[in-house]
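Asker: Contents are TSV, C-alpha atoms; file name structure.tsv:
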chain	number	residue	atom	x	y	z
X	1	MET	CA	-6.90	-152.07	-75.33
X	2	ASP	CA	-3.37	-151.22	-74.27
X	3	PHE	CA	-3.23	-148.75	-71.38
X	4	ALA	CA	0.56	-148.67	-71.28
X	5	ILE	CA	2.24	-145.28	-71.67
X	6	SER	CA	5.34	-145.40	-73.81
X	7	GLU	CA	8.63	-144.06	-72.50
X	8	ARG	CA	8.40	-141.18	-74.98
X	9	LEU	CA	4.87	-140.28	-73.85
X	10	GLY	CA	5.78	-140.60	-70.17
X	11	GLU	CA	8.64	-138.17	-70.64
X	12	LEU	CA	6.37	-135.76	-72.51
X	13	GLN	CA	3.75	-136.04	-69.77
X	14	GLN	CA	6.28	-135.15	-67.07
X	15	ARG	CA	7.69	-132.32	-69.15
X	16	THR	CA	4.21	-130.90	-69.68
X	17	ARG	CA	3.39	-131.25	-65.98
X	18	ARG	CA	6.54	-129.36	-64.99
X	19	PHE	CA	5.89	-126.68	-67.58
X	20	ILE	CA	2.36	-126.07	-66.30
X	21	ALA	CA	3.51	-125.99	-62.66
X	22	GLU	CA	6.55	-123.78	-63.16
X	23	GLU	CA	5.64	-121.51	-66.06
X	24	ILE	CA	1.85	-121.24	-66.27
X	25	ILE	CA	0.26	-121.58	-62.83
X	26	PRO	CA	2.26	-118.58	-61.48
X	27	LEU	CA	0.55	-116.45	-64.15
X	28	GLU	CA	-3.03	-117.39	-63.30
X	29	MET	CA	-3.71	-114.15	-61.39
X	30	ASP	CA	-2.36	-111.95	-64.20
X	31	PRO	CA	-4.81	-109.05	-64.75
X	32	ARG	CA	-4.64	-109.68	-68.50
X	33	GLN	CA	-6.91	-112.67	-67.87
X	34	THR	CA	-10.23	-110.90	-68.49
X	35	SER	CA	-13.89	-111.86	-68.37
X	36	HIS	CA	-13.55	-112.70	-72.08
X	37	GLY	CA	-10.39	-114.75	-71.76
X	38	PRO	CA	-6.71	-113.80	-71.96
X	39	THR	CA	-5.88	-110.66	-73.90
X	40	GLU	CA	-4.08	-111.16	-77.20
X	41	GLU	CA	-0.85	-109.86	-75.68
X	42	PHE	CA	-1.15	-112.35	-72.82
X	43	ARG	CA	-2.06	-115.21	-75.16
X	44	ARG	CA	1.02	-114.58	-77.29
X	45	GLU	CA	3.19	-114.51	-74.18
X	46	LEU	CA	1.80	-117.87	-73.05
X	47	VAL	CA	2.23	-119.37	-76.53
X	48	ALA	CA	5.84	-118.16	-76.64
X	49	LYS	CA	6.56	-120.04	-73.41
X	50	ALA	CA	5.15	-123.28	-74.83
X	51	ARG	CA	7.06	-122.75	-78.08
X	52	ASP	CA	10.31	-122.33	-76.17
X	53	ALA	CA	9.54	-125.49	-74.20
X	54	GLY	CA	8.87	-127.50	-77.38
X	55	LEU	CA	5.24	-128.09	-76.39
X	56	LEU	CA	3.33	-125.91	-78.86
X	57	SER	CA	0.43	-127.49	-80.80
X	58	PRO	CA	1.34	-131.09	-79.88
X	59	HIS	CA	-1.77	-132.37	-81.69
X	60	ALA	CA	-0.75	-130.93	-85.06
X	61	SER	CA	1.31	-132.95	-87.50
X	62	ALA	CA	5.06	-132.46	-87.73
X	63	GLU	CA	4.50	-130.86	-91.16
X	64	PHE	CA	2.80	-127.95	-89.39
X	65	GLY	CA	5.14	-127.74	-86.43
X	66	GLY	CA	3.40	-130.08	-84.00
X	67	LEU	CA	4.27	-133.39	-82.37
X	68	GLY	CA	1.72	-135.47	-84.29
X	69	LEU	CA	0.13	-137.02	-81.21
X	70	ASP	CA	-2.57	-139.63	-81.74
X	71	HIS	CA	-5.81	-139.44	-79.75
X	72	ARG	CA	-4.62	-141.64	-76.88
X	73	GLU	CA	-1.45	-139.57	-76.55
X	74	LYS	CA	-3.52	-136.40	-76.60
X	75	ALA	CA	-5.61	-137.77	-73.74
X	76	VAL	CA	-2.51	-137.80	-71.53
X	77	ILE	CA	-1.02	-134.45	-72.57
X	78	PHE	CA	-4.28	-132.50	-72.80
X	79	GLU	CA	-5.22	-133.55	-69.27
X	80	GLU	CA	-1.89	-132.21	-68.02
X	81	ALA	CA	-2.41	-128.94	-69.89
X	82	GLY	CA	-5.96	-128.61	-68.55
X	83	TYR	CA	-4.64	-128.66	-64.98
X	84	SER	CA	-4.30	-124.88	-65.35
X	85	MET	CA	-7.06	-122.84	-66.98
X	86	LEU	CA	-4.29	-121.15	-68.97
X	87	GLY	CA	-2.49	-124.36	-69.94
X	88	SER	CA	-4.58	-125.12	-73.01
X	89	VAL	CA	-4.10	-121.58	-74.25
X	90	ALA	CA	-0.33	-121.84	-73.81
X	91	LEU	CA	-0.09	-125.16	-75.70
X	92	ASN	CA	-2.44	-123.82	-78.42
X	93	ILE	CA	-4.88	-126.68	-77.86
X	94	PHE	CA	-7.90	-124.70	-76.67
X	95	ALA	CA	-11.29	-124.58	-78.40
X	96	PRO	CA	-12.17	-123.77	-81.10
X	97	ASP	CA	-8.67	-123.63	-82.60
X	98	GLU	CA	-7.70	-127.21	-81.75
X	99	GLY	CA	-10.80	-128.61	-83.47
X	100	ASN	CA	-10.39	-126.25	-86.42
X	101	MET	CA	-6.78	-127.38	-86.88
X	102	HIS	CA	-7.87	-131.00	-86.88
X	103	MET	CA	-10.53	-130.36	-89.53
X	104	LEU	CA	-8.25	-128.23	-91.73
X	105	GLU	CA	-5.60	-130.95	-91.71
X	106	ALA	CA	-8.26	-133.50	-92.68
X	107	ILE	CA	-10.10	-131.72	-95.51
X	108	ALA	CA	-8.52	-128.40	-96.53
X	109	THR	CA	-6.67	-128.00	-99.83
X	110	PRO	CA	-2.87	-127.54	-99.76
X	111	GLY	CA	-3.30	-123.85	-100.49
X	112	GLN	CA	-5.86	-123.42	-97.72
X	113	LYS	CA	-3.56	-125.19	-95.27
X	114	GLU	CA	-0.72	-122.82	-96.03
X	115	ARG	CA	-2.94	-119.77	-95.82
X	116	TRP	CA	-4.90	-120.58	-92.68
X	117	LEU	CA	-3.64	-123.71	-90.92
X	118	ARG	CA	0.09	-123.02	-90.78
X	119	PRO	CA	-0.15	-119.67	-88.90
X	120	LEU	CA	-2.88	-121.13	-86.67
X	121	ALA	CA	-0.73	-124.11	-85.68
X	122	ALA	CA	2.18	-121.74	-85.05
X	123	GLY	CA	0.07	-119.78	-82.56
X	124	GLU	CA	0.33	-116.65	-84.69
X	125	THR	CA	-3.42	-116.38	-85.27
X	126	ARG	CA	-6.74	-117.47	-83.78
X	127	SER	CA	-9.89	-118.72	-85.47
X	128	CYS	CA	-13.59	-119.23	-84.82
X	129	PHE	CA	-16.26	-121.70	-85.93
X	130	CYS	CA	-19.56	-120.07	-86.88
X	131	MET	CA	-22.37	-122.59	-86.59
X	132	THR	CA	-24.77	-121.87	-83.69
X	133	GLU	CA	-27.51	-119.34	-84.47
X	134	PRO	CA	-30.09	-117.34	-82.50
X	135	GLU	CA	-33.66	-118.63	-82.52
X	136	PRO	CA	-35.13	-119.89	-84.84
X	137	GLY	CA	-31.77	-120.96	-86.26
X	138	ALA	CA	-29.48	-123.91	-85.69
X	139	GLY	CA	-28.52	-124.91	-82.17
X	140	SER	CA	-28.65	-128.49	-80.94
X	141	ASP	CA	-30.55	-129.21	-84.16
X	142	PRO	CA	-28.18	-128.26	-87.01
X	143	SER	CA	-30.89	-128.91	-89.62
X	144	MET	CA	-32.46	-125.57	-88.58
X	145	LEU	CA	-29.57	-123.70	-90.24
X	146	GLN	CA	-30.72	-120.25	-91.40
X	147	THR	CA	-27.52	-118.61	-92.70
X	148	THR	CA	-27.59	-118.59	-96.51
X	149	ALA	CA	-24.89	-118.74	-99.19
X	150	LEU	CA	-26.09	-117.71	-102.66
X	151	LYS	CA	-23.86	-118.19	-105.70
X	152	ASP	CA	-22.92	-115.02	-107.58
X	153	GLY	CA	-20.43	-115.71	-110.36
X	154	ASP	CA	-17.19	-116.98	-108.83
X	155	HIS	CA	-18.30	-115.98	-105.33
X	156	TYR	CA	-20.85	-116.94	-102.71
X	157	VAL	CA	-22.73	-114.20	-100.88
X	158	ILE	CA	-23.39	-115.07	-97.25
X	159	ASN	CA	-26.07	-113.52	-95.06
X	160	GLY	CA	-27.10	-114.52	-91.57
X	161	ARG	CA	-26.32	-114.27	-87.90
X	162	LYS	CA	-24.44	-116.51	-85.45
X	163	TRP	CA	-23.93	-116.41	-81.73
X	164	PHE	CA	-21.99	-118.24	-79.03
X	165	THR	CA	-19.18	-118.09	-81.58
X	166	THR	CA	-16.19	-118.84	-79.37
X	167	GLY	CA	-13.14	-116.72	-80.08
X	168	ALA	CA	-14.89	-114.44	-82.58
X	169	SER	CA	-13.42	-111.23	-81.17
X	170	GLY	CA	-9.85	-111.07	-82.45
X	171	ALA	CA	-10.03	-114.16	-84.68
X	172	ALA	CA	-8.09	-113.89	-87.93
X	173	PHE	CA	-10.44	-116.15	-89.83
X	174	ALA	CA	-13.70	-118.04	-89.49
X	175	ILE	CA	-15.14	-121.33	-90.65
X	176	ILE	CA	-18.75	-120.55	-91.53
X	177	MET	CA	-21.58	-123.06	-91.90
X	178	ALA	CA	-24.25	-121.87	-94.35
X	179	ARG	CA	-26.91	-123.45	-96.54
X	180	LEU	CA	-27.02	-123.24	-100.32
X	181	GLU	CA	-30.14	-122.41	-102.33
X	182	ASP	CA	-31.01	-126.11	-102.43
X	183	GLY	CA	-30.72	-126.31	-98.63
X	184	ARG	CA	-27.45	-128.28	-98.48
X	185	ALA	CA	-25.03	-127.19	-95.75
X	186	THR	CA	-21.55	-126.05	-96.82
X	187	MET	CA	-18.49	-124.75	-94.98
X	188	PHE	CA	-16.67	-121.61	-96.04
X	189	LEU	CA	-13.35	-120.10	-94.96
X	190	ALA	CA	-13.30	-116.33	-94.51
X	191	ASP	CA	-10.80	-113.80	-93.22
X	192	THR	CA	-12.59	-111.74	-90.59
X	193	ASP	CA	-11.39	-108.43	-92.06
X	194	ARG	CA	-13.56	-108.96	-95.15
X	195	PRO	CA	-16.38	-106.42	-95.66
X	196	GLY	CA	-19.60	-107.89	-94.36
X	197	PHE	CA	-18.08	-109.85	-91.48
X	198	VAL	CA	-19.29	-108.06	-88.34
X	199	VAL	CA	-18.68	-109.00	-84.71
X	200	GLU	CA	-21.60	-107.28	-83.04
X	201	ARG	CA	-20.59	-107.91	-79.43
X	202	SER	CA	-19.10	-110.32	-76.95
X	203	MET	CA	-21.64	-112.13	-74.79
X	204	GLU	CA	-21.42	-112.12	-71.01
X	205	THR	CA	-21.15	-115.75	-69.90
X	206	LEU	CA	-20.24	-117.80	-66.83
X	207	ASP	CA	-17.00	-119.03	-68.33
X	208	THR	CA	-13.98	-116.76	-68.78
X	209	CYS	CA	-11.34	-119.10	-70.15
X	210	PHE	CA	-11.68	-118.85	-73.93
X	211	PRO	CA	-9.59	-116.21	-75.75
X	212	GLY	CA	-11.97	-113.86	-77.50
X	213	GLY	CA	-14.94	-114.91	-75.40
X	214	HIS	CA	-18.19	-115.85	-77.15
X	215	GLY	CA	-19.33	-113.50	-79.88
X	216	VAL	CA	-22.44	-112.52	-81.81
X	217	VAL	CA	-21.49	-112.40	-85.49
X	218	ARG	CA	-23.42	-110.99	-88.45
X	219	PHE	CA	-22.84	-111.55	-92.16
X	220	ASP	CA	-24.01	-108.70	-94.38
X	221	ASP	CA	-23.52	-109.73	-98.02
X	222	LEU	CA	-20.19	-111.32	-97.12
X	223	ARG	CA	-18.57	-112.29	-100.42
X	224	ILE	CA	-16.41	-115.40	-100.36
X	225	PRO	CA	-14.57	-116.75	-103.42
X	226	ALA	CA	-15.55	-120.26	-104.49
X	227	ALA	CA	-11.91	-121.24	-103.94
X	228	ASP	CA	-12.46	-120.69	-100.20
X	229	ILE	CA	-15.09	-123.39	-99.84
X	230	LEU	CA	-13.85	-125.86	-97.22
X	231	GLY	CA	-14.22	-129.36	-98.62
X	232	GLU	CA	-17.00	-130.09	-101.09
X	233	LEU	CA	-20.27	-128.26	-101.68
X	234	GLY	CA	-23.16	-129.65	-99.71
X	235	GLU	CA	-21.03	-131.73	-97.33
X	236	GLY	CA	-21.03	-129.34	-94.38
X	237	PHE	CA	-22.80	-131.61	-91.93
X	238	LYS	CA	-20.49	-134.51	-92.76
X	239	TYR	CA	-17.43	-132.35	-92.16
X	240	ALA	CA	-18.94	-131.06	-88.93
X	241	GLN	CA	-18.83	-134.60	-87.61
X	242	VAL	CA	-15.17	-134.89	-88.67
X	243	ARG	CA	-14.55	-131.90	-86.42
X	244	LEU	CA	-17.04	-132.35	-83.60
X	245	SER	CA	-16.50	-135.99	-82.67
X	246	PRO	CA	-12.79	-135.64	-81.73
X	247	ALA	CA	-13.37	-132.07	-80.48
X	248	ARG	CA	-15.89	-133.34	-77.94
X	249	LEU	CA	-13.28	-135.77	-76.71
X	250	THR	CA	-10.49	-133.20	-76.39
X	251	HIS	CA	-12.86	-131.06	-74.31
X	252	CYS	CA	-13.20	-134.06	-71.99
X	253	MET	CA	-9.42	-134.42	-71.78
X	254	ARG	CA	-8.83	-130.78	-70.87
X	255	TRP	CA	-11.65	-130.55	-68.35
X	256	LEU	CA	-10.55	-133.73	-66.62
X	257	GLY	CA	-7.28	-131.94	-65.90
X	258	ALA	CA	-9.18	-129.02	-64.37
X	259	ALA	CA	-11.31	-131.37	-62.27
X	260	ARG	CA	-8.16	-133.12	-61.02
X	261	ARG	CA	-6.74	-129.73	-60.02
X	262	ALA	CA	-9.87	-128.91	-58.00
X	263	HIS	CA	-9.82	-132.35	-56.39
X	264	GLU	CA	-6.19	-132.03	-55.31
X	265	ILE	CA	-6.82	-128.59	-53.81
X	266	ALA	CA	-9.84	-129.90	-51.89
X	267	THR	CA	-7.92	-132.99	-50.76
X	268	GLU	CA	-5.05	-130.93	-49.36
X	269	TYR	CA	-7.53	-128.70	-47.54
X	270	ALA	CA	-9.32	-131.75	-46.09
X	271	ARG	CA	-5.97	-133.08	-44.80
X	272	ARG	CA	-5.07	-129.98	-42.81
X	273	ARG	CA	-8.35	-128.23	-41.87
X	274	GLN	CA	-9.53	-129.10	-38.35
X	275	ALA	CA	-13.21	-129.30	-37.40
X	276	PHE	CA	-14.84	-130.94	-34.39
X	277	GLY	CA	-11.56	-132.31	-33.09
X	278	GLN	CA	-10.27	-133.93	-36.28
X	279	THR	CA	-9.35	-133.14	-39.84
X	280	LEU	CA	-12.14	-132.57	-42.34
X	281	GLY	CA	-11.10	-135.62	-44.33
X	282	SER	CA	-11.59	-137.83	-41.28
X	283	HIS	CA	-15.31	-137.05	-41.31
X	284	GLU	CA	-17.15	-139.58	-43.45
X	285	GLY	CA	-19.21	-136.90	-45.18
X	286	VAL	CA	-16.05	-135.30	-46.59
X	287	GLY	CA	-14.06	-138.50	-47.03
X	288	PHE	CA	-16.85	-140.07	-49.07
X	289	MET	CA	-16.94	-137.01	-51.35
X	290	LEU	CA	-13.22	-137.42	-52.01
X	291	ALA	CA	-13.77	-141.12	-52.70
X	292	ASP	CA	-16.58	-140.28	-55.12
X	293	ASN	CA	-14.25	-137.84	-56.87
X	294	GLU	CA	-11.67	-140.56	-57.36
X	295	MET	CA	-14.29	-142.87	-58.86
X	296	ASP	CA	-15.65	-140.17	-61.15
X	297	MET	CA	-12.17	-139.32	-62.42
X	298	HIS	CA	-11.48	-143.00	-63.04
X	299	SER	CA	-14.69	-143.56	-65.01
X	300	ALA	CA	-14.19	-140.37	-67.03
X	301	ARG	CA	-10.61	-141.30	-67.88
X	302	LEU	CA	-11.66	-144.79	-69.00
X	303	ALA	CA	-14.41	-143.35	-71.22
X	304	ILE	CA	-11.96	-140.88	-72.76
X	305	TRP	CA	-9.29	-143.51	-73.34
X	306	HIS	CA	-11.74	-145.96	-74.90
X	307	THR	CA	-13.09	-143.36	-77.34
X	308	ALA	CA	-9.55	-142.23	-78.18
X	309	TRP	CA	-8.71	-145.85	-78.95
X	310	VAL	CA	-11.71	-146.11	-81.29
X	311	LEU	CA	-10.74	-142.87	-83.05
X	312	ASP	CA	-7.18	-144.14	-83.47
X	313	LYS	CA	-8.60	-147.19	-85.24
X	314	GLY	CA	-9.96	-144.85	-87.93
X	315	SER	CA	-13.61	-144.63	-86.85
X	316	LEU	CA	-15.54	-141.35	-86.52
X	317	ALA	CA	-16.67	-142.75	-83.13
X	318	LEU	CA	-19.89	-140.72	-83.12
X	319	HIS	CA	-21.61	-143.03	-80.62
X	320	GLU	CA	-18.52	-143.38	-78.43
X	321	SER	CA	-17.84	-139.63	-78.37
X	322	SER	CA	-21.40	-138.98	-77.24
X	323	VAL	CA	-21.04	-141.53	-74.46
X	324	ALA	CA	-17.68	-140.09	-73.36
X	325	LYS	CA	-18.95	-136.50	-73.53
X	326	VAL	CA	-21.85	-137.21	-71.16
X	327	ILE	CA	-19.81	-139.34	-68.77
X	328	ALA	CA	-16.92	-136.85	-68.58
X	329	ALA	CA	-18.99	-133.66	-68.51
X	330	GLU	CA	-21.23	-134.85	-65.71
X	331	ALA	CA	-18.44	-136.56	-63.75
X	332	CYS	CA	-16.20	-133.48	-63.90
X	333	TRP	CA	-19.10	-131.27	-62.85
X	334	ARG	CA	-19.83	-133.50	-59.83
X	335	ILE	CA	-16.15	-133.47	-58.88
X	336	VAL	CA	-15.84	-129.70	-58.91
X	337	ASP	CA	-19.18	-129.22	-57.16
X	338	ARG	CA	-18.02	-131.50	-54.33
X	339	CYS	CA	-14.74	-129.60	-54.12
X	340	VAL	CA	-16.59	-126.32	-53.61
X	341	GLN	CA	-18.58	-127.96	-50.81
X	342	ILE	CA	-15.45	-129.34	-49.13
X	343	LEU	CA	-13.71	-125.96	-49.27
X	344	GLY	CA	-16.73	-124.19	-47.80
X	345	GLY	CA	-16.33	-120.42	-47.87
X	346	GLN	CA	-13.06	-120.67	-49.75
X	347	GLY	CA	-14.83	-122.68	-52.42
X	348	VAL	CA	-17.01	-119.73	-53.41
X	349	SER	CA	-14.19	-117.20	-53.18
X	350	ARG	CA	-11.21	-116.42	-55.36
X	351	GLU	CA	-8.85	-117.63	-52.63
X	352	THR	CA	-8.30	-120.77	-54.70
X	353	PRO	CA	-8.85	-121.50	-58.43
X	354	VAL	CA	-11.78	-123.80	-57.61
X	355	ALA	CA	-14.51	-121.15	-57.88
X	356	ARG	CA	-13.30	-120.18	-61.33
X	357	ILE	CA	-13.06	-123.83	-62.41
X	358	PHE	CA	-16.62	-124.28	-61.10
X	359	ALA	CA	-17.94	-121.38	-63.19
X	360	ASP	CA	-16.03	-122.41	-66.31
X	361	MET	CA	-16.97	-126.08	-65.91
X	362	ARG	CA	-20.74	-125.55	-65.88
X	363	ALA	CA	-20.88	-124.77	-69.58
X	364	PHE	CA	-19.18	-128.09	-70.39
X	365	ARG	CA	-22.50	-129.91	-69.97
X	366	ILE	CA	-23.97	-127.72	-72.74
X	367	TYR	CA	-21.46	-126.92	-75.47
X	368	ASP	CA	-20.59	-129.49	-78.15
X	369	GLY	CA	-24.02	-130.92	-77.45
X	370	PRO	CA	-26.01	-130.83	-74.19
X	371	SER	CA	-26.09	-134.07	-72.23
X	372	GLU	CA	-29.76	-134.51	-73.10
X	373	VAL	CA	-29.10	-134.38	-76.87
X	374	HIS	CA	-26.33	-136.94	-76.55
X	375	ARG	CA	-28.56	-139.21	-74.46
X	376	TRP	CA	-31.25	-138.93	-77.13
X	377	SER	CA	-28.72	-139.87	-79.81
X	378	ILE	CA	-27.39	-142.77	-77.76
X	379	ALA	CA	-30.94	-144.04	-77.10
X	380	ARG	CA	-31.78	-143.97	-80.83
X	381	ARG	CA	-28.78	-146.18	-81.56
X	382	VAL	CA	-29.69	-148.54	-78.73
X	383	LEU	CA	-33.26	-148.87	-79.99
X	384	LYS	CA	-32.06	-149.52	-83.54
X	385	GLY	CA	-29.79	-152.27	-82.26
X	386	ILE	CA	-26.64	-150.51	-83.39
X	387	ARG	CA	-23.69	-151.74	-81.37
X	388	ARG	CA	-19.99	-152.39	-81.80
X	389	ASP	CA	-17.99	-155.47	-80.93
X	390	TYR	CA	-14.36	-154.98	-80.01
Give the structure from this file in structure tokens form.

Answerer:
Amino acid sequence: MDFAISERLGELQQRTRRFIAEEIIPLEMDPRQTSHGPTEEFRRELVAKARDAGLLSPHASAEFGGLGLDHREKAVIFEEAGYSMLGSVALNIFAPDEGNMHMLEAIATPGQKERWLRPLAAGETRSCFCMTEPEPGAGSDPSMLQTTALKDGDHYVINGRKWFTTGASGAAFAIIMARLEDGRATMFLADTDRPGFVVERSMETLDTCFPGGHGVVRFDDLRIPAADILGELGEGFKYAQVRLSPARLTHCMRWLGAARRAHEIATEYARRRQAFGQTLGSHEGVGFMLADNEMDMHSARLAIWHTAWVLDKGSLALHESSVAKVIAAEACWRIVDRCVQILGGQGVSRETPVARIFADMRAFRIYDGPSEVHRWSIARRVLKGIRRDY
């Protein structure tokens, strides 16, 4: 593995870091940042700043206005963007849109790309990915999919209910996972203004960083033309892996940036705050927490970089992405939890961004697969003797 950063990437990293520091962090207390993410007006303002800076949608191909970064390059730039909770929104690399763009580029038809991908990559629209369902439907076990798609002439009629649909409120279109009459899972593209697409409500959750929040969505005889099937009939679960494996990794990249932000705030506080005749950082209890943070960031970054390298070699990296997701999610959570402890009262207040990072970070150990599900998957591969040699 080559850990060297090219001159081009180093320049882009520094440009992104300056952009976040000078243009985005000063906006973090803007009242348009709501409990369900930035308002649409605020999101468009942030996107316009990144567009002017030449940093919009860096993961997208040049054909769709992006910089065409590979996975290792994304690891560097996404971490810089994640340093601010608004940075990923500004660069148009937040979930679920970043993962949806990746999947549309990989499997959508040319017509579908023009209709849905191009405005999404330009930051003109938002999207959502409708997969998770209320009990007894699909959650960690996608085979429990309940939403149905029944063929009716040249259309499919979709009925069902989804929840924890990130970005549902205000999304221009949705990617919907539903099962056919024979039980095979299939993905459909649907404009959200179609009759039968209903956003029932936005859920109240710990995290507040995703535009549109997390919605409960209902499909009441939603008619979708056969031409709007995404990919091939019956291949929904396969395409989900095309999306979810790299999407898990980009979550790790962004959240590592947030964890680094919390660590740097806590470190600065430990340097200057006096207690018992010396600075906080001079006390072993605090100093060791900072040391543990450094080690956790190092291990998370190595796991991310290794999986990015595997993805760049053309593999789906299902095993590697599970490993990286658990390592990064749990390491970043430990880092931010320690930072709250170091900051004391300030750590549970809004005096610094750390309390918000703490609240937003907790969900990272659950979405895109809870740590326990990934451990189960990893263990199955270990027991079957599946391994890779590099």

Asker: Using all atoms listed in the file, find the one residue out of X:Ile304, X:Leu56, X:Leu46, X:Cys209 that sits nearest to Glu73 of chain X.

Answerer: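 Among X:Ile304, X:Leu56, X:Leu46, X:Cys209, it is X:Ile304 that comes nearest to Glu73 of chain X.
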
Asker: Taking only residues of segment 310-347 of chain X that have an atom at most 7 Å from an atom of segment 255-277 of chain X, what is each one's shortest atom pair and its distance in Å to one decimal, using only C-alpha atoms, in chain and number order, as JSON lines?

Answerer:
{"residue": "X:Cys332", "atom": "CA", "partner": "X:Ala259", "partner_atom": "CA", "distance": 5.6}
{"residue": "X:Ile335", "atom": "CA", "partner": "X:Ala259", "partner_atom": "CA", "distance": 6.3}
{"residue": "X:Val336", "atom": "CA", "partner": "X:Ala259", "partner_atom": "CA", "distance": 5.9}
{"residue": "X:Cys339", "atom": "CA", "partner": "X:Ala266", "partner_atom": "CA", "distance": 5.4}
{"residue": "X:Ile342", "atom": "CA", "partner": "X:Ala266", "partner_atom": "CA", "distance": 6.3}
{"residue": "X:Leu343", "atom": "CA", "partner": "X:Ala266", "partner_atom": "CA", "distance": 6.1}

Asker: Limited to C-alpha atoms, could you put the picked residues into a file as an mmCIF file, in the coordinates of the input?

Answerer:
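Once everything was written out, this is again-v6.cif:
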data_model
loop_
_atom_site.group_PDB
_atom_site.id
_atom_site.type_symbol
_atom_site.label_atom_id
_atom_site.label_comp_id
_atom_site.auth_asym_id
_atom_site.auth_seq_id
_atom_site.Cartn_x
_atom_site.Cartn_y
_atom_site.Cartn_z
ATOM 1 C CA CYS X 332 -16.200 -133.480 -63.900
ATOM 2 C CA ILE X 335 -16.150 -133.470 -58.880
ATOM 3 C CA VAL X 336 -15.840 -129.700 -58.910
ATOM 4 C CA CYS X 339 -14.740 -129.600 -54.120
ATOM 5 C CA ILE X 342 -15.450 -129.340 -49.130
ATOM 6 C CA LEU X 343 -13.710 -125.960 -49.270
#

Asker: So, with only C-alpha atoms as the atoms that count, which of X:Gln33, X:Thr307, X:Thr165, X:Thr16 lies closest to Ala53 of chain X?

Answerer: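 Looking only at the distances to Ala53 of chain X, the closest residue turns out to be X:Thr16.
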
Asker: Counting only C-alpha atoms, give me one row per residue of segment 57-121 of chain X with an atom at most 12 Å from an atom of segment 346-367 of chain X, showing the shortest contact pair and its distance in Å to one decimal, sorted by chain then residue number, as a tab-separated table.

Answerer:
residue	atom	partner	partner_atom	distance
X:Gly82	CA	X:Ile357	CA	10.5
X:Tyr83	CA	X:Ile357	CA	10.0
X:Ser84	CA	X:Pro353	CA	8.9
X:Met85	CA	X:Ile357	CA	7.6
X:Leu86	CA	X:Ile357	CA	11.3
X:Ala95	CA	X:Tyr367	CA	10.8
X:Pro96	CA	X:Tyr367	CA	11.3

Asker: Kindly give the distance, in Å, that separates atom CA of Leu189 of chain X and atom CA of Ala48 of chain X, rounded to a single decimal.

Answerer: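 Computing the Euclidean distance for atom CA of Leu189 of chain X and atom CA of Ala48 of chain X yields 26.6 Å.
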
Asker: Compile the contact shell of segment 114-118 of chain X as JSON, numbers by chain: residues with an atom at most 10 Å away, counting all atoms listed in the file, same-chain residues fewer than 5 positions apart removed.

Answerer: {"X": [60, 63, 64, 65, 97, 100, 101, 102, 103, 104, 105, 108, 109, 123, 124, 125, 126, 127, 172, 173, 174, 189, 190, 191]}

Asker: What's the separation between atom CA of Arg161 of chain X and atom CA of Gly212 of chain X, in Å to one decimal place?

Answerer: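 Pair atom CA of Arg161 of chain X / atom CA of Gly212 of chain X returns 17.7 Å.
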
Asker: What does the distance from atom CA of Ile93 of chain X to atom CA of Glu7 of chain X come to in Å, to one decimal?

Answerer: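 Atom CA of Glu7 of chain X lies at a distance of 22.7 Å from atom CA of Ile93 of chain X.
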
Asker: Which neighbours of Ala328 of chain X fall inside 7 Å, counting all atoms listed in the file, when residues of the same chain fewer than 3 positions from it are skipped, and could you give them as a list of chain:residue names?

Answerer: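 Once the adjacent positions are removed, what remains is X:Cys252, X:Ala300, X:Ala324, X:Lys325, X:Ala331, X:Cys332.
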
Asker: Here is a test: counting all atoms listed in the file, which residue of X:Ile176, X:Ala81, X:Ala168, X:Val216 is nearest to Thr148 of chain X?

Answerer: X:Ile176

Asker: Need to verify the contact set: Ile5 of chain X, 12 Å, all atoms listed in the file, exclusion of same-chain residues closer than 2 positions in sequence. Can you return it as a list in words?

Answerer: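 The neighbour list is Met1, Asp2, Phe3, Glu7, Arg8, Leu9, Gly10, Glu11, Leu12, Gln13, Gln14, Arg72, Glu73, Lys74, Ala75, Val76, Ile77 and Trp305 of chain X.
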
Asker: Which neighbours of Leu244 of chain X fall inside 10 Å, counting all atoms listed in the file, when residues of the same chain fewer than 3 positions from it are skipped, and could you give them as a short mmCIF file (atom, residue, chain, number, x, y, z; two decimals) with C-alpha atoms, in the coordinates of the input?

Answerer:
data_model
loop_
_atom_site.label_atom_id
_atom_site.label_comp_id
_atom_site.auth_asym_id
_atom_site.auth_seq_id
_atom_site.Cartn_x
_atom_site.Cartn_y
_atom_site.Cartn_z
CA GLY X 99 -10.80 -128.61 -83.47
CA ASN X 100 -10.39 -126.25 -86.42
CA HIS X 102 -7.87 -131.00 -86.88
CA MET X 103 -10.53 -130.36 -89.53
CA TYR X 239 -17.43 -132.35 -92.16
CA ALA X 240 -18.94 -131.06 -88.93
CA GLN X 241 -18.83 -134.60 -87.61
CA ALA X 247 -13.37 -132.07 -80.48
CA ARG X 248 -15.89 -133.34 -77.94
CA LEU X 249 -13.28 -135.77 -76.71
CA THR X 250 -10.49 -133.20 -76.39
CA LEU X 316 -15.54 -141.35 -86.52
CA LEU X 318 -19.89 -140.72 -83.12
CA SER X 321 -17.84 -139.63 -78.37
CA ASP X 368 -20.59 -129.49 -78.15
CA GLY X 369 -24.02 -130.92 -77.45
#

Asker: Skipping near chain neighbours, those fewer than 6 positions away, what residues fall within 10 Å of segment 192-202 of chain X using only C-alpha atoms, listed as a PyMOL selection string?

Answerer: chain X and resi 36+127-128+157-159+161-175+212-224
